[in-house]
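Trainee: Below is the structure I would like to discuss, written out as C-alpha cells.
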Amino acid sequence: MIIGVPKERREAEARVAATPDTVRRYVKDGHRVLVERGAGAGAAIADGDFEAAGAELVEGAEPLYAQAQVVLKVQRPLDEEMAWLRAGQVLVGMLDPYMHREQLATYAERRVTAFALELLPRTTRAQAMDVLSSQANVAGYRAMLEAMAAYRRVVPMMMTAAGTIAAAKVFVIGAGVAGLQAIATARRMGAVVTATDVRPAAKQEIESLGAKFVGFIPEDAATAGGYARPLTPEEQQKQREVLAEHIASQDIVVTTAQVPGRQAPRIVTAEMVRSMKAGAVILDMAVETGGNVEGSRPGETVELDGVAILGPRNLPSRIAPTSSQLYARNLYNFLQLLLKKDAEAVAIDTDDELVAATLLTRDGEIVHEKFRG
Ligand code: NAD
C-alpha cells in the first residue's frame with residue numbers, strides 16, 4: 001500500500017501524522033510511505049530523518065494526494081485538500097464530524113473512505129489508538145506549564161536566607177485525562193494542589209495523585225460511558241457555592257471540564273475571578289468549546305481586576321514533537337485494523353466495533369449510524 005503524509009495546512013497546527021518511528025514500522029510491514037517535504041518541521045522532525053526511516057519525500061501535497069492510497073492527517077482537510085481527494089482513497093484523522101457534518105457529504109461525493117479517530121470508543125482494546133487521551137494528556141501537562149509561566153511568582157516553597165516563599169496554591173477543575181496530568185504536573189512543581197470533578201471515580205484519582213478533593217459530587221453524575229452528565233441548575237448553584245470560597249484563595253486555576261457533545265459547563269463566574277488576588281492566573285482549557293470561565297476568549301489573555309485569564313487554542317500543537325509522537329503511534333495502531341501485511345487493498349471489516357465506530361463514509365455514502373440521513 002502507498003501511505004501519504006501531507007504537511008498539516010490548518011493555521012497554527014504544528015503536529016504531523018507520522019514520525020520516523022512509525023514510517024519505519026509501515027515500511028517494515030511492506031508499505032511505501034510518501035511524506036510531503038517539510039511535513040515534520042513544526043514537530044522538529046527533519047526531512048532527512050523521514051528519509052532515513054525509509055520515507056520518500058514528495059514536493060507539495062497535490063502529487064502526494066494523487067499517489068497515496070491511504071492519507072494520514074492530524075486535522076480535517078482544508079477545501080483545497082478536499083479537491084485532491086480521490087475515489088477509493090482512505091483518509092484517517094481527527095475529522096471533527098460533529099462540528100463539520102457538511103464535510104462528510106463531500107467525502108461521500110468524492111467516494112473517499114473516511115475514518116474519524118475521535119469516535120473510537122474509550123475501551124481497553126482501543127486504548128493504544130485513543131487520540132483523545134494521548135492529546136489530552138500532553139495538553140494537560142502543557143496547560144499547567146503555561147499557567148505557571150504566566151504566574152509571575154514562584155511555584156514551589158523556597159526557604160532562603162532572605163525569607164520563606166510559600167508554595168503556590170493550584171486548583172484543577174475537571175479531573176479527566178487532561179486534568180489528572182495537570183494535577184500531576186503541578187505536584188511535581190511543588191504546588192499545593194486541590195482539584196474537583198463531579199464523577200466519584202475522579203475523586204479517588206485526584207486523591208491517588210496526592211492532591212486534595214474539594215467540591216461536591218451530585219448523584220449519578222457519571223454516565224455509563226464514564227463521562228459526566230450536564231448538571232441541573234440546582235446542582236450548578238450548589239457547585240458554585242462550594243467552589244466560590246475555595247477559588248478566592250487560589251493562585252492558579254486550570255479548568256478542563258467537558259461534557260461530550262455539548263458546550264463546556266460554565267463553572268467559574270466573573271465574581272469568582274474578581275475574588276482572586278491580583279497576579280493570580282486562570283487557564284481555561286475548555287475555551288474552544290464554550291469555556292468553563294466567564295470572560296475567557298479563544299486565543300487571548302483577558303485581564304480582570306489583575307487576574308489573567310488564558311484561553312490557549314490547540315494546546316497539543318504547542319507541544320508538537322511529543323503530541324505528534326503519540327498521535328502517530330495511535331494512527332499506526334489503528335491502521336493495523338485496516339492494513340494487512342503486504343496486502344494491496346485496504347480491508348474494511350465493519351464487524352469490528354472499532355472500524356464501525358470510526359468509519360464515516362464508504363462507496364459514495366455516509367455509513368456512520370450517527371451521521372446517516
Ligand atoms: P472529558 O474531556 O469529557 O471531561 C473532562 C472532565 O471534566 C471529566 O473528568 C468530567 O467528569 C469533568 N466534568 C464535566 N462536567 C463537570 C462539572 N460540571 N464540574 C466539574 N467537572 C466536570 O473527559 P475525558 O478526560 O475524556 O475522560 C472521561 C472519562 O473517560 C474518564 O472517566 C476517563 O477515565 C475515561 N477514559 C477511559 C479510557 C479507557 O478506559 N480506555 C480512556 C480514556 C478515558
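Following the order of the C-alpha cells, first chain is A, next is B, and so on, with residues numbered from 1 inside each chain and ligands from 1 in the order they appear.
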Write out, as a Markdown table, each residue of range 304-339 of chain A that has an atom at most 10 Å from range 144-165 of chain A, together with the closest pair of atoms and their distance in Å to one decimal, counting only C-alpha atoms, rows going by chain and rising number.
Mentor:
```
| residue | atom | partner | partner_atom | distance |
| --- | --- | --- | --- | --- |
| A:Val307 | CA | A:Tyr151 | CA | 9.8 |
| A:Ala308 | CA | A:Ala150 | CA | 8.1 |
| A:Ile309 | CA | A:Ala147 | CA | 9.3 |
| A:Leu310 | CA | A:Ala147 | CA | 7.7 |
| A:Pro312 | CA | A:Glu146 | CA | 9.0 |
| A:Leu315 | CA | A:Glu146 | CA | 9.7 |
```
Trainee: Based on the selection just made, write N, CA and C atoms of those residues as a PDB file, in the first residue's frame.
Mentor:
```
ATOM      1  N   VAL A 307      -6.355  39.764  37.458  1.00  0.00           N
ATOM      2  CA  VAL A 307      -6.276  38.308  37.271  1.00  0.00           C
ATOM      3  C   VAL A 307      -6.208  38.030  35.764  1.00  0.00           C
ATOM      4  N   ALA A 308      -5.242  37.226  35.359  1.00  0.00           N
ATOM      5  CA  ALA A 308      -5.101  36.900  33.935  1.00  0.00           C
ATOM      6  C   ALA A 308      -5.897  35.640  33.625  1.00  0.00           C
ATOM      7  N   ILE A 309      -6.733  35.721  32.585  1.00  0.00           N
ATOM      8  CA  ILE A 309      -7.486  34.528  32.144  1.00  0.00           C
ATOM      9  C   ILE A 309      -6.934  34.130  30.789  1.00  0.00           C
ATOM     10  N   LEU A 310      -6.261  32.975  30.735  1.00  0.00           N
ATOM     11  CA  LEU A 310      -5.645  32.492  29.497  1.00  0.00           C
ATOM     12  C   LEU A 310      -6.607  31.546  28.781  1.00  0.00           C
ATOM     13  N   PRO A 312      -5.749  29.478  25.753  1.00  0.00           N
ATOM     14  CA  PRO A 312      -4.939  28.996  24.621  1.00  0.00           C
ATOM     15  C   PRO A 312      -5.713  28.049  23.719  1.00  0.00           C
ATOM     16  N   LEU A 315      -3.719  23.362  22.395  1.00  0.00           N
ATOM     17  CA  LEU A 315      -2.538  23.122  23.239  1.00  0.00           C
ATOM     18  C   LEU A 315      -1.667  21.967  22.732  1.00  0.00           C
TER      19      LEU A 315
END
```
Trainee: Give the residues close to ligand 1, within 7 Å, counting only C-alpha atoms and all ligand atoms; write them as a ChimeraX atom specification.
Mentor: /A:122-124,126-127,130,132-133,136,173-179,196-199,202,222,226-231,256-260,265,267
Trainee: Which residues come within 9 Å of range 325-341 of chain A, counting only C-alpha atoms, excluding same-chain residues fewer than 3 positions away, as a PyMOL selection string?
Mentor: chain A and resi 1+15-19+21-22+25-26+29-31+43+72+74+92-93+117+126-131+134-135+320-322+344-349+352+354-355
Trainee: In Å, with one decimal, what is the gap from CA of Ala182 in chain A to CA of Ala286 in chain A?
Mentor: 13.6 Å
Trainee: Could you tell me how far CA of Gly311 in chain A lies from CA of Gln236 in chain A, in Å and to one decimal?
Mentor: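 Here the two named atoms are 22.4 Å from each other.
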Trainee: Here is a test: counting only C-alpha atoms, which residue of A:Met189, A:Leu119, A:Met276, A:Ala224 is nearest to Ala357 in chain A?
Mentor: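 Of all the options, A:Leu119 lies closest to Ala357 in chain A.
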Trainee: Please list as a list in words every residue within 10 Å of Lys277 in chain A, counting only C-alpha atoms and excluding residues in the same chain fewer than 3 positions away.
Mentor: Ala248, Ser249, Gln250, Asp251, Val273, Arg274, Ala280, Val281, Asp305, Gly306 and Val307 of chain A
Trainee: Using the selection just defined, write its residues with N, CA, C and O atoms as a compact mmCIF listing (two decimals), in the first residue's frame.
Mentor:
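selection.txt written:
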```txt
# COMPACT_ATOMS: atom_id res chain seq x y z
N ALA A 248 -11.34 31.76 45.71
CA ALA A 248 -10.84 33.07 46.17
C ALA A 248 -9.42 32.97 46.75
O ALA A 248 -8.66 33.93 46.70
N SER A 249 -9.07 31.81 47.27
CA SER A 249 -7.76 31.68 47.93
C SER A 249 -6.69 31.07 47.00
O SER A 249 -5.56 30.83 47.44
N GLN A 250 -7.03 30.83 45.73
CA GLN A 250 -6.09 30.12 44.84
C GLN A 250 -5.21 31.08 44.04
O GLN A 250 -5.62 32.19 43.71
N ASP A 251 -4.00 30.62 43.72
CA ASP A 251 -3.08 31.40 42.89
C ASP A 251 -3.23 31.05 41.41
O ASP A 251 -3.10 31.91 40.55
N VAL A 273 -13.70 35.23 39.70
CA VAL A 273 -12.42 35.73 39.19
C VAL A 273 -12.01 36.96 39.99
O VAL A 273 -10.87 37.07 40.45
N ARG A 274 -12.97 37.88 40.18
CA ARG A 274 -12.66 39.13 40.91
C ARG A 274 -12.26 38.87 42.35
O ARG A 274 -11.58 39.67 42.96
N ALA A 280 -3.05 36.51 40.20
CA ALA A 280 -3.50 35.12 40.03
C ALA A 280 -3.70 34.83 38.54
O ALA A 280 -3.90 35.75 37.74
N VAL A 281 -3.66 33.56 38.19
CA VAL A 281 -3.77 33.15 36.78
C VAL A 281 -4.83 32.05 36.66
O VAL A 281 -4.87 31.11 37.46
N ASP A 305 -9.50 42.64 36.79
CA ASP A 305 -9.05 43.06 38.13
C ASP A 305 -7.71 42.44 38.52
O ASP A 305 -7.56 41.91 39.64
N GLY A 306 -6.76 42.46 37.61
CA GLY A 306 -5.42 41.96 37.93
C GLY A 306 -5.27 40.45 37.81
O GLY A 306 -4.19 39.91 38.04
N VAL A 307 -6.36 39.76 37.46
CA VAL A 307 -6.28 38.31 37.27
C VAL A 307 -6.21 38.03 35.76
O VAL A 307 -7.01 38.56 35.00
```
Trainee: Please compute the CA of Glu245 in chain A-CA of Gly215 in chain A distance, one decimal, in Å.
Mentor: 10.7 Å
Trainee: I need the residues of range 155-365 of chain A that end up classed as alpha helix (DSSP H) by DSSP on the backbone, written out as a PyMOL selection string.
Mentor: chain A and resi 177-188+200-208+233-248+270-275+320-335+353-358
Trainee: Could you pull out the strand (DSSP E or B) residues of range 178-325 of chain A from DSSP and send them as a PyMOL selection string?
Mentor: chain A and resi 192-196+212-213+222+228+252-255+268+281-284+293+301-304+307-310
Trainee: Hey, what's within 12 Å of Thr194 in chain A if we count only C-alpha atoms and toss same-chain stuff fewer than 4 positions away? As number ranges by chain, please?
Mentor: A: 168-175, 179-180, 182-184, 186-187, 203, 205-207, 209-215, 243, 246-247, 249-254
